[in-house]
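Undergrad: target_13.txt is reproduced in full below (compact mmCIF, C-alpha atoms).
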# COMPACT_ATOMS: atom_id res chain seq x y z
CA MET A 1353 1.63 -7.27 7.01
CA SER A 1354 4.78 -7.18 9.02
CA VAL A 1355 6.34 -9.78 11.25
CA PHE A 1356 8.60 -8.24 13.87
CA PHE A 1357 11.03 -10.34 15.88
CA ARG A 1358 13.95 -9.84 18.23
CA LYS A 1359 17.11 -10.42 16.17
CA SER A 1360 19.16 -11.16 19.30
CA ARG A 1361 16.84 -14.11 20.04
CA PHE A 1362 15.78 -15.32 16.59
CA GLU A 1363 17.60 -15.97 13.34
CA LYS A 1364 15.65 -15.44 10.12
CA LEU A 1365 16.11 -18.48 7.88
CA ALA A 1366 13.63 -17.60 5.12
CA GLU A 1367 10.90 -15.13 4.32
CA GLY A 1368 8.30 -14.35 1.73
CA THR A 1369 5.16 -12.50 0.79
CA PHE A 1370 2.32 -13.50 -1.48
CA TRP A 1371 -0.54 -11.37 -2.72
CA LEU A 1372 -4.10 -12.36 -1.89
CA SER A 1373 -5.20 -12.34 -5.50
CA GLU A 1374 -5.54 -14.54 -8.55
CA THR A 1375 -1.82 -13.86 -9.17
CA PRO A 1376 -0.19 -14.35 -5.74
CA GLU A 1377 3.34 -14.04 -7.10
CA LYS A 1378 2.92 -10.38 -8.17
CA PRO A 1379 1.21 -7.28 -6.76
CA GLY A 1380 -2.49 -7.10 -7.44
CA MET A 1381 -5.93 -6.71 -5.98
CA GLY A 1382 -7.87 -9.94 -5.80
CA TRP A 1383 -11.45 -10.87 -6.56
CA ASP A 1384 -13.85 -8.25 -5.15
CA ALA A 1385 -11.32 -6.65 -2.77
CA ALA A 1386 -11.34 -2.96 -1.98
CA CYS A 1387 -7.58 -2.93 -1.26
CA ASN A 1388 -4.42 -4.82 -2.13
CA ARG A 1389 -3.84 -7.50 0.52
CA THR A 1390 -0.93 -9.82 1.28
CA CYS A 1391 0.26 -12.59 3.55
CA THR A 1392 3.83 -12.33 4.88
CA TRP A 1393 5.71 -15.28 6.32
CA VAL A 1394 9.00 -15.79 8.13
CA LYS A 1395 10.87 -18.94 9.10
CA LEU A 1396 12.71 -18.34 12.36
CA LYS A 1397 15.20 -20.29 14.46
CA ASP A 1398 15.29 -19.68 18.19
CA ARG A 1399 18.94 -19.04 19.11
CA ILE A 1400 18.37 -20.47 22.62
CA THR A 1401 16.22 -23.56 22.07
CA LYS A 1402 17.46 -24.15 18.48
CA LYS A 1403 13.85 -24.82 17.43
CA THR A 1404 12.62 -23.64 14.05
CA PHE A 1405 9.10 -22.44 13.27
CA PHE A 1406 7.00 -20.35 10.89
CA ILE A 1407 4.96 -17.21 11.47
CA LEU A 1408 2.47 -15.95 8.88
CA ASP A 1409 0.60 -12.65 9.15
CA THR A 1410 -2.25 -11.38 7.01
CA HIS A 1411 -5.00 -8.79 6.77
CA LEU A 1412 -8.01 -9.89 4.76
CA ASP A 1413 -10.09 -7.39 2.86
CA HIS A 1414 -12.66 -5.41 4.82
CA ARG A 1415 -15.28 -5.21 2.07
CA GLY A 1416 -15.02 -8.09 -0.38
CA MET A 1417 -16.49 -11.34 0.92
CA LYS A 1418 -15.20 -13.28 -2.09
CA ALA A 1419 -11.74 -11.77 -1.45
CA ARG A 1420 -11.87 -13.01 2.15
CA GLU A 1421 -13.06 -16.48 1.11
CA GLU A 1422 -10.50 -16.83 -1.66
CA GLY A 1423 -7.77 -15.25 0.48
CA VAL A 1424 -8.26 -17.92 3.14
CA LYS A 1425 -8.25 -20.66 0.50
CA LEU A 1426 -4.99 -19.28 -0.88
CA ILE A 1427 -3.35 -19.05 2.55
CA LEU A 1428 -4.42 -22.61 3.39
CA SER A 1429 -3.06 -23.85 0.06
CA MET A 1430 0.26 -22.04 0.62
CA ILE A 1431 0.88 -23.35 4.14
CA PRO A 1432 1.96 -26.85 3.00
CA GLU A 1433 4.16 -25.32 0.29
CA ILE A 1434 5.85 -22.95 2.74
CA ASN A 1435 6.01 -25.43 5.62
CA LYS A 1436 7.18 -28.55 3.79
CA GLU A 1437 8.96 -29.76 6.93
CA ASN A 1438 5.72 -29.60 8.97
CA LEU A 1439 7.32 -27.35 11.57
CA PRO A 1440 5.44 -25.45 14.29
CA LEU A 1441 3.36 -22.72 12.65
CA ILE A 1442 1.52 -19.60 13.78
CA LEU A 1443 -0.92 -17.66 11.59
CA THR A 1444 -1.98 -14.22 12.83
CA GLY A 1445 -4.03 -11.42 11.43
CA ASP A 1446 -7.07 -9.27 11.02
CA PHE A 1447 -9.37 -11.66 9.21
CA ASN A 1448 -12.36 -9.29 9.05
CA LEU A 1449 -14.51 -12.36 9.68
CA ALA A 1450 -16.29 -13.80 12.69
CA LYS A 1451 -15.27 -17.19 14.03
CA GLU A 1452 -18.57 -18.67 12.82
CA SER A 1453 -17.90 -17.64 9.20
CA GLY A 1454 -17.17 -20.27 6.57
CA PRO A 1455 -13.59 -19.11 5.89
CA VAL A 1456 -12.59 -19.10 9.57
CA GLN A 1457 -14.22 -22.50 10.00
CA ALA A 1458 -12.07 -23.70 7.06
CA ILE A 1459 -8.96 -22.48 8.91
CA LEU A 1460 -10.13 -24.29 12.05
CA LYS A 1461 -10.15 -27.57 10.12
CA VAL A 1462 -6.37 -27.15 9.70
CA LEU A 1463 -5.26 -24.96 12.61
CA ASP A 1464 -6.51 -24.24 16.14
CA ASP A 1465 -7.59 -20.92 17.64
CA ALA A 1466 -4.92 -20.08 20.24
CA ARG A 1467 -7.62 -18.70 22.56
CA ASP A 1468 -9.30 -22.11 22.67
CA LYS A 1469 -6.02 -23.91 23.37
CA SER A 1470 -4.73 -21.65 26.16
CA VAL A 1471 -3.59 -23.62 29.22
CA THR A 1472 -4.78 -20.75 31.41
CA ALA A 1473 -8.14 -19.00 31.08
CA PRO A 1474 -8.04 -16.34 28.34
CA TYR A 1475 -7.47 -12.80 29.61
CA GLY A 1476 -9.54 -9.78 28.68
CA PRO A 1477 -12.61 -9.38 26.52
CA GLN A 1478 -13.40 -11.74 23.69
CA GLY A 1479 -14.05 -9.00 21.13
CA THR A 1480 -11.10 -7.50 19.27
CA SER A 1481 -12.57 -4.83 16.99
CA GLY A 1482 -15.20 -2.25 17.72
CA GLY A 1483 -13.84 1.19 16.95
CA PHE A 1484 -11.73 3.66 18.88
CA ALA A 1485 -14.26 4.47 21.63
CA VAL A 1486 -14.53 2.12 24.58
CA ASN A 1487 -17.86 0.28 24.37
CA ASP A 1488 -19.35 -3.18 24.65
CA LYS A 1489 -19.96 -3.56 20.91
CA SER A 1490 -16.88 -5.47 19.87
CA ARG A 1491 -16.51 -8.25 17.32
CA THR A 1492 -13.86 -10.96 17.32
CA ILE A 1493 -12.16 -10.71 13.92
CA ASP A 1494 -8.46 -10.83 14.91
CA PHE A 1495 -7.00 -14.25 15.57
CA ILE A 1496 -3.89 -16.22 16.37
CA PHE A 1497 -4.06 -19.69 14.85
CA ILE A 1498 -1.57 -22.46 15.63
CA ASN A 1499 -0.77 -25.94 14.47
CA GLN A 1500 -0.46 -28.98 16.75
CA LYS A 1501 3.24 -28.30 17.41
CA VAL A 1502 2.54 -25.10 19.35
CA LYS A 1503 1.39 -24.98 22.98
CA VAL A 1504 -0.44 -21.86 24.18
CA LEU A 1505 0.49 -20.98 27.74
CA ARG A 1506 -1.55 -17.74 27.90
CA HIS A 1507 -3.87 -15.83 25.56
CA GLY A 1508 -5.22 -12.35 26.01
CA VAL A 1509 -6.98 -9.44 24.40
CA LEU A 1510 -5.67 -6.19 25.87
CA SER A 1511 -8.32 -3.58 26.53
CA ASP A 1512 -6.35 -0.78 28.18
CA SER A 1513 -7.62 2.62 27.12
CA PHE A 1514 -6.62 6.25 27.48
CA GLY A 1515 -9.44 8.64 28.31
CA MET A 1516 -12.01 6.04 27.20
CA PHE A 1517 -10.43 5.73 23.74
CA TYR A 1518 -8.27 2.96 22.30
CA PRO A 1519 -5.11 3.77 20.31
CA SER A 1520 -6.46 1.60 17.48
CA ASP A 1521 -9.83 0.34 16.27
CA HIS A 1522 -8.51 -3.16 17.10
CA LYS A 1523 -7.37 -4.42 20.47
CA PRO A 1524 -3.99 -6.19 20.66
CA VAL A 1525 -4.24 -9.98 20.75
CA LEU A 1526 -1.39 -11.76 22.54
CA ALA A 1527 -0.36 -15.34 23.06
CA GLU A 1528 2.50 -16.67 25.10
CA ILE A 1529 3.46 -19.88 23.35
CA GLN A 1530 5.84 -22.77 23.59
CA ILE A 1531 7.25 -24.50 20.51
CA PHE A 1532 7.74 -28.26 20.73
Could you write out this file's structure as structure tokens?
TA:
Amino acid sequence: MSVFFRKSRFEKLAEGTFWLSETPEKPGMGWDAACNRTCTWVKLKDRITKKTFFILDTHLDHRGMKAREEGVKLILSMIPEINKENLPLILTGDFNLAKESGPVQAILKVLDDARDKSVTAPYGPQGTSGGFAVNDKSRTIDFIFINQKVKVLRHGVLSDSFGMFYPSDHKPVLAEIQIF
């Protein structure tokens, strides 16, 4: 799980990765997961506005429900430890869970879905994952979550295709945000 940023605009102040497992401090597969999974975080300072914020990115397991449940619990428990200063925070990822699921609902008790908080109407389809072929069968399992110190100006799911095929089995999810 990578976090890319423009070095000319942002200064990296801190970074870290933890494993979504019973031993988050060292590599390992957790619970009933099919794959090793992590959460990566970066603390950035905007060189223009001088504001500091956190970005976390994850990819929950695609098979193990317990791994997804426990992974979310771990991420939620790590957020206060990482963000001791209660700075603006963004959590992104492929959660392999629908919004109605228990784990995503647990996230929504702490963070907001950027799509729901967009000042302008969300752009594009709601679904984010449905395979490489263009079709109407798409589930929303990729999210951008924010805390109360982030304003969402625009949110979108990009559905451009080439020859009726997507370059990925997930559509890109974007949010234009403002840190305050």
Undergrad: At a cut-off of 9 Å from (-8.1, -10.5, 3.1) in the coordinates of the file, what residues are picked up using all atoms listed in the file, written as a PyMOL selection string?
TA: chain A and resi 1372+1382+1385+1387-1391+1410-1417+1419-1424+1446-1448
Undergrad: Work out how far CA of Ser1453 in chain A is from CA of Gly1476 in chain A, in Å to one decimal.
TA: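 Separating CA of Gly1476 in chain A from CA of Ser1453 in chain A is a distance of 22.6 Å.
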Undergrad: Have a look at A:Tyr1475, A:Phe1357, A:Phe1405, A:Trp1383 and name the one nearest to Arg1506 in chain A; count all atoms listed in the file.
TA: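 Closest to Arg1506 in chain A, using all atoms listed in the file: A:Tyr1475.
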Undergrad: I'd like the neighbourhood of Lys1469 in chain A as a PyMOL selection string, where a residue qualifies if any of its atoms comes within 10 Å (using all atoms listed in the file), though same-chain residues fewer than 4 positions away should be ignored.
TA: chain A and resi 1464-1465+1473-1474+1497-1498+1502-1507
Undergrad: In Å, with one decimal, what is the gap from CA of Ala1466 in chain A to CA of Phe1514 in chain A?
TA: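 It comes out at 27.4 Å.
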Undergrad: Rank nothing, just name the residue among A:Arg1358, A:Lys1501, A:Arg1491, A:Lys1395 nearest to His1522 in chain A, using only C-alpha atoms.
TA: A:Arg1491
Undergrad: Kindly give the distance, in Å, that separates CA of Phe1406 in chain A and CA of Glu1528 in chain A, rounded to a single decimal.
TA: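 The value is 15.4 Å.
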Undergrad: Could you tell me which of A:Thr1392, A:Gly1445, A:Lys1402, A:Glu1374 comes closest to Ile1431 in chain A if we count all atoms listed in the file?
TA: A:Thr1392
Undergrad: Show me, as AutoDock Vina command-line options, the centre and edge lengths in Å to one decimal of the axis-aligned box that covers every listed atom of range 1437-1456 of chain A with 6 Å on each side.
TA:
--center_x -4.8 --center_y -19.5 --center_z 10.1 --size_x 39.5 --size_y 32.5 --size_z 20.4
Undergrad: Can you patch up range 1503-1519 of chain A, filling it in to N, CA and C atoms, and show the result as a tab-separated table (two decimals), in the coordinates of the input?
TA:
chain	number	residue	atom	x	y	z
A	1503	LYS	N	2.17	-24.95	21.74
A	1503	LYS	CA	1.39	-24.98	22.98
A	1503	LYS	C	1.15	-23.53	23.41
A	1504	VAL	N	-0.08	-23.21	23.74
A	1504	VAL	CA	-0.44	-21.86	24.18
A	1504	VAL	C	-0.48	-21.84	25.70
A	1505	LEU	N	0.43	-21.09	26.28
A	1505	LEU	CA	0.49	-20.98	27.74
A	1505	LEU	C	-0.51	-19.94	28.24
A	1506	ARG	N	-0.61	-18.80	27.52
A	1506	ARG	CA	-1.55	-17.74	27.90
A	1506	ARG	C	-2.03	-17.04	26.63
A	1507	HIS	N	-3.28	-16.59	26.68
A	1507	HIS	CA	-3.87	-15.83	25.56
A	1507	HIS	C	-4.61	-14.64	26.17
A	1508	GLY	N	-4.52	-13.51	25.50
A	1508	GLY	CA	-5.22	-12.35	26.01
A	1508	GLY	C	-5.55	-11.33	24.95
A	1509	VAL	N	-6.61	-10.59	25.20
A	1509	VAL	CA	-6.98	-9.44	24.40
A	1509	VAL	C	-6.84	-8.25	25.34
A	1510	LEU	N	-5.95	-7.32	25.00
A	1510	LEU	CA	-5.67	-6.19	25.87
A	1510	LEU	C	-6.67	-5.07	25.61
A	1511	SER	N	-7.27	-4.59	26.68
A	1511	SER	CA	-8.32	-3.58	26.53
A	1511	SER	C	-8.00	-2.28	27.27
A	1512	ASP	N	-6.72	-2.04	27.54
A	1512	ASP	CA	-6.35	-0.78	28.18
A	1512	ASP	C	-6.75	0.38	27.28
A	1513	SER	N	-7.22	1.46	27.90
A	1513	SER	CA	-7.62	2.62	27.12
A	1513	SER	C	-7.04	3.88	27.75
A	1514	PHE	N	-7.07	4.95	27.00
A	1514	PHE	CA	-6.62	6.25	27.48
A	1514	PHE	C	-7.77	7.22	27.29
A	1515	GLY	N	-8.33	7.70	28.40
A	1515	GLY	CA	-9.44	8.64	28.31
A	1515	GLY	C	-10.65	8.06	27.61
A	1516	MET	N	-10.88	6.76	27.80
A	1516	MET	CA	-12.01	6.04	27.20
A	1516	MET	C	-11.90	5.89	25.67
A	1517	PHE	N	-10.68	5.98	25.16
A	1517	PHE	CA	-10.43	5.73	23.74
A	1517	PHE	C	-9.26	4.77	23.60
A	1518	TYR	N	-9.36	3.89	22.61
A	1518	TYR	CA	-8.27	2.96	22.30
A	1518	TYR	C	-7.32	3.61	21.29
A	1519	PRO	N	-6.05	3.21	21.30
A	1519	PRO	CA	-5.11	3.77	20.31
A	1519	PRO	C	-5.33	3.21	18.90
